[in-house]
Amino acid sequence: MIGGLFIYNHKGEVLISRVYRDDIGRNAVDAFRVNVIHARQQVRSPVTNIARTSFFHVKRSNIWLAAVTKQNVNATMVFEFLYKMCDVMAAYFGKISEENVKNNFVLIYELLDEILDFGYPQNSETGALKTFITQQGIKSQSKEEQAQITSQVTGQIGWRREGIKYRRNELFLDVLESVNLLMSPQGQVLSAHVSGRVVMKSYLSGMPECKFGMNDKIVIDKQNKGGSSEEGGKSGKQSIAIDDCTFHQCVRLSKFDSERSISFIPPDGDYELMRYRTTKDIILPFRVIPLVREVGRTKLEVKVVIKSNFKSSLLAQKIEVRIPTPLNTSGVQLICMKGKAKYKASENAIVWKIKRMAGMKESQISAEIELLPTNDKKWARPPISMNFEVPFAPSGLKVRYLKVFEPKLNYSDHDVIKWVRYIGRSGIYETRC
Amino acid sequence: MTDSKYFTTTKKGEIFELKAELNSDKKEKKKEAVKKVIASMTVGKDVSALFPDVVNCMQTDNLELKKLVYLYLMNYAKSQPDMAIMAVNTFVKDCEDPNPLIRALAVRTMGCIRVDKITEYLCEPLRKCLKDEDPYVRKTAAVCVAKLHDINAQLVEDQGFLDTLKDLISDSNPMVVANAVAALSEIAESHPNSNLLDLNPQTINKLLTALNECTEWGQIFILDCLANYTPRDDRESQSICERVTPRLSHANSAVVLSAVKVLMKFMEMLPKDLDYYGTLLKKLAPPLVTLLSAEPELQYVALRNINLIVQRRPEILKHEMKVFFVKYNDPIYVKLEKLDIMIRLASQANIAQVLAELKEYATEVDVDFVRKAVRAIGRCAIKVEQSAERCVSTLLDLIQTKVNYVVQEAIVVIKDIFRKYPNKYESVIATLCENLDSLDEPEARAAMIWIVGEYAERIDNADELLESFLEGFHDESTQVQLQLLTAIVKLFLKKPTETQELVQQVLSLATQDSDNPDLRDRGYIYWRLLSTDPVAAKEVVLAEKPLISEETDLIEPTLLEELICHIGTLASVYHKPPSAFVEGSRGVQHKRLPGSAGSGESVDSPDPGSAAGASEAPPAVIPSQGDLLGDLLNLDLTPPTTTGPPPAPSSGMQLGAMDLLGGGLDSLMGDESEPLGGDLGGGAAMGAGFGAAPAAMPASFSAPVSGGLDDLFDLGGGVGMPMGAYSPPKTIWLPAMKAKGLEISGTFARRAGVIQMEMTLTNKAMSVMTDFAIQFNRNSFGLAPAGPLQILTPLSPNQSIEASLPLSTVGPVMKMEPLTNLQVAVKNNIDVFYFSCQYPISMLFVEDGKMERQVFLATWKDIPNDNESQFQIKDCHLSSDATSNKLQGSNVFTIAKRTVEGQDMLYQSMKLTNGIWVLAELRVQTGNPNYTVSLKCRAPEVSQCVFQSYEAMLKN
């Protein structure tokens, strides 16, 4: 199991050092600094073995988190734990920066004592932790309160406490998708996938039982088999094939496995209900058509056309096209019909920004790039990348229902105010040129 | 609140000031002071001098302060054990606190204080806490047992904590169960044979129930524990798989990978024709792909594991090539791993796509990545024959880019392509030659030189090219020098007239001006070959090379099986067994995949018991003999009472082969002249021996081992023991010449049910020998020394000593060829020596080998006729009764006798130590000295050995 956990600043100074196992000595702290943080080359692996001691590290802005062990630990678990640790810290004091870590070191030690016992990760749900790690000292809790804390920390529903009350029961559901594309210069899709997340904010009283439904092809097909066949063709079109999905630990996985229904008792506040991935019938919101011509050895002509490919009533926002330029660029002349374009020498790229663009439109930019004569090897031509945001889900996912049942309190599904929003963003959206 | 100020105090006299503050009356001031102490401790300052002052702050009702003091205690208690006792009272008191959080805190902290005196006081509170009414306290106490076990294992056992811990597996609270499982698993690791976890269908059921209810971490503990279980049959295996598969949709990648581990392992037991098997295979792919959208560090771990999974079961991900395409922004470690998997998944169906990608990668920035991409193109050419042409042309395109390292890498792989497809792509040689001057890396230069030498007859100016390399001969690396030497000799053999001068030049450079023994040796060999027998030289140097294999860098199958059992862990990241990087006893156990049930993939095991369903353990997978030499050479020569031999690193095998060969040659040349001197007086035999070596290395190393042993049994003569068990006469196992003066001769005997290895050790050297130890390699019947080799007195020169070593048959098993071969390592104060010998199989006949008549009949019928083998024993002049008596002495029991037409038929049975029964029918005809024996056995490979033993037993 994890033998120790260290947090360093960018210089390699130790901010937090907590050793859980006897086999990890003080020199381990230095070994990591010397061999990884101060190493001359780029980091070649997130797992480093130094003198039979293994170091796992992740970096958050300038801060290094390193877990140390001498055993054959579950490596996936260690990384998952480090991320979780970051989440927990962020939930307590915001951004993970040197200043924040130093300011909260007592709290961090207290957290580390609680969520890692002898190197074994324990309950690390912030909802539960915040009930008893408060930095307020111990309030004189009543016996019932104490019992409630411990039963929540260890219980089956470790992510939600009892007795939550809201005057207004409200639910916010966001479908956030990032659409990834790699396209060849000829416009052939080399790979495309959507990775989506269903993010919820729930403000519900009591211990509500929720059920979430979407246009999952498997569910719809199953229903159609049982129901009328007329409807089948119609709704069948609208369903989507989900390659794979993963769920927050509140979702009953065995029920999903057997019935493919998503039922859960939600945590209070913000959480990510599920992640999913689709690869079939993706709506690619934009198409990028590049045209690069080398005129002699000192000039390059670039023309890029972008076409929006969605309903004309919808508006895409924050569109940005990034066209890489060779390292030996000396000057760039740009003409674009829409938005603003700039050559950024420090980034070796032309950045073309458009605030808004409706569907079924197209726009174009032309650039003349002057080059200095050079003997360097041929320019590698990195792909043209794009960023944007669209108000629909490129995977085609639709929320069909989100039902709330709370048998003990007197509010029903109808009384809950629900908000649903779809946002599609570009992930890695690249076209080779 | 700005606690960061505590990190900045660096002034002198700080400790003194802190001391004053710690003893302050004001609570706030005290707390501030403790915070300062902790901050100093964090940055590495020694604040142990404040121990008594900090401990004094422990008695407080402020929980935050208490936790800080505890933190201090955990760090310094070990350096101040006497003072740490001061804290005990508070701990004990806190363990009785009405607040469960404080009870848990106390028991948690106490376990972290590694001071013997404190652990004594810990036992009572721990016992109470393990039975606490509050689950939070119980789950903390469960982990505390593991802590205590780490400090004092004996104490934990004596106090009966292990049983309490086992009871907690049935606790009503899932988190308590999970922590108990984690603690037990860890404790069990340091007691490999304790059967501590005692996994049986009932406990498995409890674990599977808890799996649905506990936290994500708890699920990981439980799944990792489940993976150690071996289901009884395929049905149980399937039902566990069914209950584990929902975990594949968990958001935590560790839960997913641990579930994959359980499934990959249990799948081995499912029959392949089962519908469920196919369903399961299909279910595995999507979650593995999903792992690739996790954070880069997790992607890396996932990719390392996918690399293993793809080698074991390529079918799972064969359609998922695209997800392994490299993204521009991937960290370099992810890129390199993806490339590896792309090559593994490359097939005729997707090769076009793969090649297009690889070509794209070859223009990237990172040098390592580009190199690997170029290499990958070459590997594709070798793997998918249909793509070879396209790959070669892609490589040529890349050479045209003139980017130095791309060109060099391309030339290295083209050399391999030539090896795989001879006489197909030699037209590109001209292009390669153009780039000769730009090559500055040894590997590329060597590859190019190899190409020039190999195809000298097609390159008009081959002599000029090679000559140009020769100019700076002494500045080249060894690799290039060796290659250049060989290439010029090849050239000479192909175009002798024009190149005589060149070859003389290189031979003199190699033999006279070089300090490198390898180079000189090779130079001399060529020289002698060329001067004595040019025809032989041609045969040796221009011999046809074996084609190179398709898949390179595959992980060795036994290691792969072990790594599959470690999916998700560090071992799977390093691709090394845990014993390679974990110290001490932990993780040294080798995990194995369970054997498959009922499918066609039956294991090559000599144990028929498993087929009869009698054995509980899964049939041992017998590794190939290949890594056995490696094993033997890596034996640590401690007495066998400790653990078995450490596993050989994968390179051990090759090393071993080289060593053995070298040894053989040494002895071959031993009494010739000094071989490396200026004059070469060596016989022609030496040249021939060397010549064969490079051509067929793996084949030749077996010669010195088995060659001397084939006729080991001098079956005529010797002292027989008429009524006792047969024991062959002693033969020389290890000649003194090979073992720096130690000669060992020996034999085997079975006395009172114990196999004895009887040896005579003779010291033929000039100095005294001491510190003898012995170790066996794994062998067919698990023979292992039952105790250390008892040679108590030093062995003086010219002295002999008799040693008798009792053997057990519970050692590690591996099938040997021949079956009764035993490889032995003997150590003394001078060196370690290896030899092998064969034991008569009759040593393994056990005393209770007499079968009931009925059983005999049934068994005889039951064993298929294919397993029957017949042998002739010639020139035997015993009556049937005498025969039967004689054989009985060696535990061959006559069950029945029948006389048919003047022939005596003896029906006999014997049982081997591993439970294999051998049935025999011996036909004795009066007046005819030739007996016929028919043997029937479920493991027919033993028949030949048994027959040899019959012959040996009867003729003595």
# chains A, B, ... in the order shown; residues from 1 in each chain; ligands from 1
>>> select_by_dssp(residues="range 191-387 of chain A", states="alpha helix (DSSP H)", output="MDAnalysis selection string")
chainID A and resid 217:226 229:238 253:259
>>> residues_around(residues="Val175 in chain A", least_positions_apart="2", cutoff="6 Å", atoms="only C-alpha atoms", output="compact mmCIF listing (two decimals) with N, CA, C and O atoms, in the first residue's frame")
# COMPACT_ATOMS: atom_id res chain seq x y z
N ARG A 197 -20.34 13.99 -20.40
CA ARG A 197 -20.53 13.88 -18.96
C ARG A 197 -21.91 14.40 -18.63
O ARG A 197 -22.38 15.37 -19.22
N VAL A 198 -22.55 13.76 -17.69
CA VAL A 198 -23.81 14.28 -17.18
C VAL A 198 -23.50 14.83 -15.79
O VAL A 198 -23.16 14.07 -14.88
N TYR A 422 -27.81 21.56 -22.62
CA TYR A 422 -26.85 20.80 -23.42
C TYR A 422 -25.73 21.72 -23.87
O TYR A 422 -25.99 22.80 -24.39
>>> closest_residue(among="B:Ser572, B:Thr499, B:Ser727, B:Asn200", to="Ala456 in chain B", atoms="only C-alpha atoms")
B:Thr499
>>> residues_around(residues="Gln154 in chain B", least_positions_apart="5", cutoff="12 Å", atoms="only C-alpha atoms", output="list in words")
Val145, Leu148, His149, Gln159, Gly160, Phe161, Leu162, Ile187 and His191 of chain B
>>> residues_around(residues="Ser202 in chain A", least_positions_apart="6", cutoff="6 Å", atoms="only C-alpha atoms", output="MDAnalysis selection string")
chainID A and resid 171 268:269
>>> write_last_selection(atoms="N, CA and C atoms", output="short mmCIF file (atom, residue, chain, number, x, y, z; two decimals), in the first residue's frame")
data_model
loop_
_atom_site.label_atom_id
_atom_site.label_comp_id
_atom_site.auth_asym_id
_atom_site.auth_seq_id
_atom_site.Cartn_x
_atom_site.Cartn_y
_atom_site.Cartn_z
N LEU A 171 -33.34 20.83 -9.31
CA LEU A 171 -32.36 19.95 -9.93
C LEU A 171 -31.82 20.62 -11.16
N ASP A 268 -25.60 15.48 -2.28
CA ASP A 268 -26.15 16.83 -2.23
C ASP A 268 -25.18 17.77 -2.95
N GLY A 269 -25.72 18.69 -3.73
CA GLY A 269 -24.85 19.66 -4.40
C GLY A 269 -24.33 19.16 -5.74
#
>>> residues_around(residues="Gln249 in chain A", least_positions_apart="6", cutoff="8 Å", atoms="only C-alpha atoms", output="PyMOL selection string")
chain B and resi 215-216+250-251
>>> write_last_selection(atoms="all heavy atoms", output="CSV table (one decimal), in the first residue's frame")
chain,number,residue,atom,x,y,z
B,215,THR,N,-17.4,1.5,-0.4
B,215,THR,CA,-16.9,2.6,-1.2
B,215,THR,C,-16.0,2.1,-2.3
B,215,THR,O,-15.7,1.0,-2.4
B,215,THR,CB,-15.9,3.5,-0.3
B,215,THR,OG1,-14.8,2.7,0.0
B,215,THR,CG2,-16.6,3.9,1.0
B,216,GLU,N,-15.7,3.1,-3.2
B,216,GLU,CA,-14.9,2.7,-4.4
B,216,GLU,C,-13.6,2.0,-3.9
B,216,GLU,O,-13.2,1.0,-4.6
B,216,GLU,CB,-14.6,3.9,-5.2
B,216,GLU,CG,-14.2,5.1,-4.4
B,216,GLU,CD,-14.2,6.4,-5.3
B,216,GLU,OE1,-14.0,6.4,-6.5
B,216,GLU,OE2,-14.4,7.5,-4.7
B,250,HIS,N,-17.9,1.3,-13.4
B,250,HIS,CA,-17.6,2.2,-12.4
B,250,HIS,C,-16.7,3.4,-12.8
B,250,HIS,O,-15.9,3.3,-13.7
B,250,HIS,CB,-16.9,1.5,-11.2
B,250,HIS,CG,-17.0,2.2,-9.9
B,250,HIS,ND1,-16.3,3.3,-9.6
B,250,HIS,CD2,-17.8,1.9,-8.8
B,250,HIS,CE1,-16.7,3.7,-8.4
B,250,HIS,NE2,-17.5,2.8,-7.9
B,251,ALA,N,-17.0,4.6,-12.2
B,251,ALA,CA,-16.2,5.8,-12.7
B,251,ALA,C,-14.8,5.7,-12.2
B,251,ALA,O,-13.9,6.3,-12.8
B,251,ALA,CB,-16.8,7.0,-12.1
>>> closest_residue(among="B:Asp134, B:Asp94, B:Asp437, B:Asp25", to="chain A", atoms="only C-alpha atoms")
B:Asp134
>>> residues_around(residues="Ser170 in chain B", least_positions_apart="6", cutoff="9 Å", atoms="only C-alpha atoms", output="JSON, numbers by chain")
{"B": [177, 203, 206, 207]}
>>> write_last_selection(atoms="N, CA and C atoms", output="PDB file, in the first residue's frame")
ATOM      1  N   VAL B 177     -15.920  -4.687   6.373  1.00  0.00           N
ATOM      2  CA  VAL B 177     -15.551  -5.872   5.603  1.00  0.00           C
ATOM      3  C   VAL B 177     -14.369  -5.540   4.691  1.00  0.00           C
ATOM      4  N   THR B 203     -17.262 -17.477   1.863  1.00  0.00           N
ATOM      5  CA  THR B 203     -16.655 -16.150   2.044  1.00  0.00           C
ATOM      6  C   THR B 203     -16.722 -15.360   0.742  1.00  0.00           C
ATOM      7  N   LYS B 206     -19.927 -13.677   0.530  1.00  0.00           N
ATOM      8  CA  LYS B 206     -19.991 -12.507   1.410  1.00  0.00           C
ATOM      9  C   LYS B 206     -19.271 -11.331   0.760  1.00  0.00           C
ATOM     10  N   LEU B 207     -18.119 -11.602   0.200  1.00  0.00           N
ATOM     11  CA  LEU B 207     -17.351 -10.529  -0.427  1.00  0.00           C
ATOM     12  C   LEU B 207     -18.120  -9.927  -1.595  1.00  0.00           C
TER      13      LEU B 207
END
>>> residues_around(residues="range 355-368 of chain A", least_positions_apart="2", cutoff="6 Å", atoms="only C-alpha atoms", output="list in words")
Leu300, Glu301, Val302, Lys303, Val304, Val305, Ile306, Lys307, Ser308, Asn309, Phe310, Lys311, Ser312, Leu314, Leu315, Ala316, Gln317, Lys318, Val332, Gln333, Leu334, Ile335 and Cys336 of chain A
>>> closest_residue(among="B:Ala349, B:Ile341, B:Ile309, B:Leu63", to="His566 in chain B", atoms="only C-alpha atoms")
B:Ile309
>>> atom_distance(atom1="CA of Ala430 in chain B", atom2="CA of Glu443 in chain B")
19.5 Å
>>> decode(residues="range 401-413 of chain A", atoms="all heavy atoms", output="PDB file, in the first residue's frame")
ATOM      1  N   TYR A 401     -36.058  11.611 -19.213  1.00  0.00           N
ATOM      2  CA  TYR A 401     -36.705  11.934 -17.939  1.00  0.00           C
ATOM      3  C   TYR A 401     -35.696  11.909 -16.807  1.00  0.00           C
ATOM      4  O   TYR A 401     -34.607  11.327 -16.946  1.00  0.00           O
ATOM      5  CB  TYR A 401     -37.847  10.961 -17.623  1.00  0.00           C
ATOM      6  CG  TYR A 401     -37.426   9.517 -17.598  1.00  0.00           C
ATOM      7  CD1 TYR A 401     -36.799   8.969 -16.479  1.00  0.00           C
ATOM      8  CD2 TYR A 401     -37.658   8.685 -18.698  1.00  0.00           C
ATOM      9  CE1 TYR A 401     -36.404   7.647 -16.460  1.00  0.00           C
ATOM     10  CE2 TYR A 401     -37.268   7.361 -18.694  1.00  0.00           C
ATOM     11  CZ  TYR A 401     -36.645   6.855 -17.579  1.00  0.00           C
ATOM     12  OH  TYR A 401     -36.239   5.552 -17.555  1.00  0.00           O
ATOM     13  N   LEU A 402     -36.047  12.562 -15.731  1.00  0.00           N
ATOM     14  CA  LEU A 402     -35.291  12.425 -14.485  1.00  0.00           C
ATOM     15  C   LEU A 402     -36.338  12.461 -13.382  1.00  0.00           C
ATOM     16  O   LEU A 402     -36.892  13.497 -13.062  1.00  0.00           O
ATOM     17  CB  LEU A 402     -34.289  13.572 -14.327  1.00  0.00           C
ATOM     18  CG  LEU A 402     -33.487  13.555 -13.041  1.00  0.00           C
ATOM     19  CD1 LEU A 402     -32.664  12.287 -12.926  1.00  0.00           C
ATOM     20  CD2 LEU A 402     -32.558  14.736 -12.959  1.00  0.00           C
ATOM     21  N   LYS A 403     -36.651  11.285 -12.877  1.00  0.00           N
ATOM     22  CA  LYS A 403     -37.744  11.200 -11.907  1.00  0.00           C
ATOM     23  C   LYS A 403     -37.188  11.199 -10.494  1.00  0.00           C
ATOM     24  O   LYS A 403     -36.129  10.620 -10.236  1.00  0.00           O
ATOM     25  CB  LYS A 403     -38.542   9.913 -12.129  1.00  0.00           C
ATOM     26  CG  LYS A 403     -39.289   9.911 -13.448  1.00  0.00           C
ATOM     27  CD  LYS A 403     -39.981   8.569 -13.630  1.00  0.00           C
ATOM     28  CE  LYS A 403     -40.409   8.390 -15.075  1.00  0.00           C
ATOM     29  NZ  LYS A 403     -40.536   6.988 -15.441  1.00  0.00           N
ATOM     30  N   VAL A 404     -37.915  11.858  -9.606  1.00  0.00           N
ATOM     31  CA  VAL A 404     -37.490  11.925  -8.204  1.00  0.00           C
ATOM     32  C   VAL A 404     -38.603  11.345  -7.332  1.00  0.00           C
ATOM     33  O   VAL A 404     -39.764  11.734  -7.482  1.00  0.00           O
ATOM     34  CB  VAL A 404     -37.211  13.383  -7.788  1.00  0.00           C
ATOM     35  CG1 VAL A 404     -36.776  13.449  -6.337  1.00  0.00           C
ATOM     36  CG2 VAL A 404     -36.185  14.014  -8.695  1.00  0.00           C
ATOM     37  N   PHE A 405     -38.255  10.396  -6.467  1.00  0.00           N
ATOM     38  CA  PHE A 405     -39.238   9.850  -5.517  1.00  0.00           C
ATOM     39  C   PHE A 405     -38.698  10.026  -4.119  1.00  0.00           C
ATOM     40  O   PHE A 405     -37.549   9.671  -3.853  1.00  0.00           O
ATOM     41  CB  PHE A 405     -39.449   8.345  -5.741  1.00  0.00           C
ATOM     42  CG  PHE A 405     -39.709   7.972  -7.155  1.00  0.00           C
ATOM     43  CD1 PHE A 405     -38.672   7.582  -7.975  1.00  0.00           C
ATOM     44  CD2 PHE A 405     -41.000   8.007  -7.665  1.00  0.00           C
ATOM     45  CE1 PHE A 405     -38.900   7.232  -9.288  1.00  0.00           C
ATOM     46  CE2 PHE A 405     -41.231   7.658  -8.982  1.00  0.00           C
ATOM     47  CZ  PHE A 405     -40.181   7.269  -9.796  1.00  0.00           C
ATOM     48  N   GLU A 406     -39.501  10.599  -3.274  1.00  0.00           N
ATOM     49  CA  GLU A 406     -39.114  10.649  -1.865  1.00  0.00           C
ATOM     50  C   GLU A 406     -40.335  10.227  -1.079  1.00  0.00           C
ATOM     51  O   GLU A 406     -41.216  11.031  -0.815  1.00  0.00           O
ATOM     52  CB  GLU A 406     -38.634  12.065  -1.498  1.00  0.00           C
ATOM     53  CG  GLU A 406     -38.458  12.300  -0.012  1.00  0.00           C
ATOM     54  CD  GLU A 406     -37.571  11.286   0.692  1.00  0.00           C
ATOM     55  OE1 GLU A 406     -36.377  11.250   0.391  1.00  0.00           O
ATOM     56  OE2 GLU A 406     -38.069  10.524   1.541  1.00  0.00           O
ATOM     57  N   PRO A 407     -40.414   8.974  -0.761  1.00  0.00           N
ATOM     58  CA  PRO A 407     -41.645   8.456  -0.139  1.00  0.00           C
ATOM     59  C   PRO A 407     -41.900   9.036   1.251  1.00  0.00           C
ATOM     60  O   PRO A 407     -43.047   9.200   1.654  1.00  0.00           O
ATOM     61  CB  PRO A 407     -41.418   6.952  -0.093  1.00  0.00           C
ATOM     62  CG  PRO A 407     -39.954   6.747  -0.305  1.00  0.00           C
ATOM     63  CD  PRO A 407     -39.409   7.949  -0.996  1.00  0.00           C
ATOM     64  N   LYS A 408     -40.832   9.415   1.981  1.00  0.00           N
ATOM     65  CA  LYS A 408     -41.051   9.802   3.377  1.00  0.00           C
ATOM     66  C   LYS A 408     -41.499  11.251   3.511  1.00  0.00           C
ATOM     67  O   LYS A 408     -42.178  11.613   4.446  1.00  0.00           O
ATOM     68  CB  LYS A 408     -39.759   9.593   4.167  1.00  0.00           C
ATOM     69  CG  LYS A 408     -39.530   8.128   4.505  1.00  0.00           C
ATOM     70  CD  LYS A 408     -38.348   7.995   5.432  1.00  0.00           C
ATOM     71  CE  LYS A 408     -37.838   6.565   5.426  1.00  0.00           C
ATOM     72  NZ  LYS A 408     -36.385   6.528   5.591  1.00  0.00           N
ATOM     73  N   LEU A 409     -41.043  12.108   2.595  1.00  0.00           N
ATOM     74  CA  LEU A 409     -41.420  13.525   2.683  1.00  0.00           C
ATOM     75  C   LEU A 409     -42.531  13.782   1.672  1.00  0.00           C
ATOM     76  O   LEU A 409     -42.659  13.086   0.680  1.00  0.00           O
ATOM     77  CB  LEU A 409     -40.214  14.420   2.381  1.00  0.00           C
ATOM     78  CG  LEU A 409     -39.029  14.229   3.327  1.00  0.00           C
ATOM     79  CD1 LEU A 409     -37.852  15.034   2.853  1.00  0.00           C
ATOM     80  CD2 LEU A 409     -39.413  14.628   4.743  1.00  0.00           C
ATOM     81  N   ASN A 410     -43.296  14.864   1.971  1.00  0.00           N
ATOM     82  CA  ASN A 410     -44.446  15.030   1.082  1.00  0.00           C
ATOM     83  C   ASN A 410     -44.162  15.976  -0.080  1.00  0.00           C
ATOM     84  O   ASN A 410     -44.700  17.056  -0.170  1.00  0.00           O
ATOM     85  CB  ASN A 410     -45.678  15.486   1.885  1.00  0.00           C
ATOM     86  CG  ASN A 410     -45.336  16.730   2.667  1.00  0.00           C
ATOM     87  OD1 ASN A 410     -44.163  17.078   2.782  1.00  0.00           O
ATOM     88  ND2 ASN A 410     -46.350  17.411   3.171  1.00  0.00           N
ATOM     89  N   TYR A 411     -43.216  15.586  -0.912  1.00  0.00           N
ATOM     90  CA  TYR A 411     -43.139  16.286  -2.195  1.00  0.00           C
ATOM     91  C   TYR A 411     -43.041  15.232  -3.289  1.00  0.00           C
ATOM     92  O   TYR A 411     -42.507  14.155  -3.070  1.00  0.00           O
ATOM     93  CB  TYR A 411     -41.974  17.281  -2.254  1.00  0.00           C
ATOM     94  CG  TYR A 411     -40.585  16.705  -2.300  1.00  0.00           C
ATOM     95  CD1 TYR A 411     -39.973  16.463  -3.532  1.00  0.00           C
ATOM     96  CD2 TYR A 411     -39.864  16.438  -1.138  1.00  0.00           C
ATOM     97  CE1 TYR A 411     -38.696  15.959  -3.584  1.00  0.00           C
ATOM     98  CE2 TYR A 411     -38.586  15.939  -1.188  1.00  0.00           C
ATOM     99  CZ  TYR A 411     -37.997  15.693  -2.418  1.00  0.00           C
ATOM    100  OH  TYR A 411     -36.723  15.201  -2.488  1.00  0.00           O
ATOM    101  N   SER A 412     -43.589  15.542  -4.436  1.00  0.00           N
ATOM    102  CA  SER A 412     -43.599  14.537  -5.481  1.00  0.00           C
ATOM    103  C   SER A 412     -42.738  15.005  -6.634  1.00  0.00           C
ATOM    104  O   SER A 412     -42.206  16.117  -6.630  1.00  0.00           O
ATOM    105  CB  SER A 412     -45.027  14.306  -5.972  1.00  0.00           C
ATOM    106  OG  SER A 412     -45.427  15.435  -6.714  1.00  0.00           O
ATOM    107  N   ASP A 413     -42.601  14.130  -7.587  1.00  0.00           N
ATOM    108  CA  ASP A 413     -41.783  14.404  -8.760  1.00  0.00           C
ATOM    109  C   ASP A 413     -42.171  15.730  -9.410  1.00  0.00           C
ATOM    110  O   ASP A 413     -41.333  16.486  -9.867  1.00  0.00           O
ATOM    111  CB  ASP A 413     -41.960  13.234  -9.739  1.00  0.00           C
ATOM    112  CG  ASP A 413     -41.005  13.350 -10.911  1.00  0.00           C
ATOM    113  OD1 ASP A 413     -39.860  13.793 -10.696  1.00  0.00           O
ATOM    114  OD2 ASP A 413     -41.408  13.007 -12.029  1.00  0.00           O
TER     115      ASP A 413
END
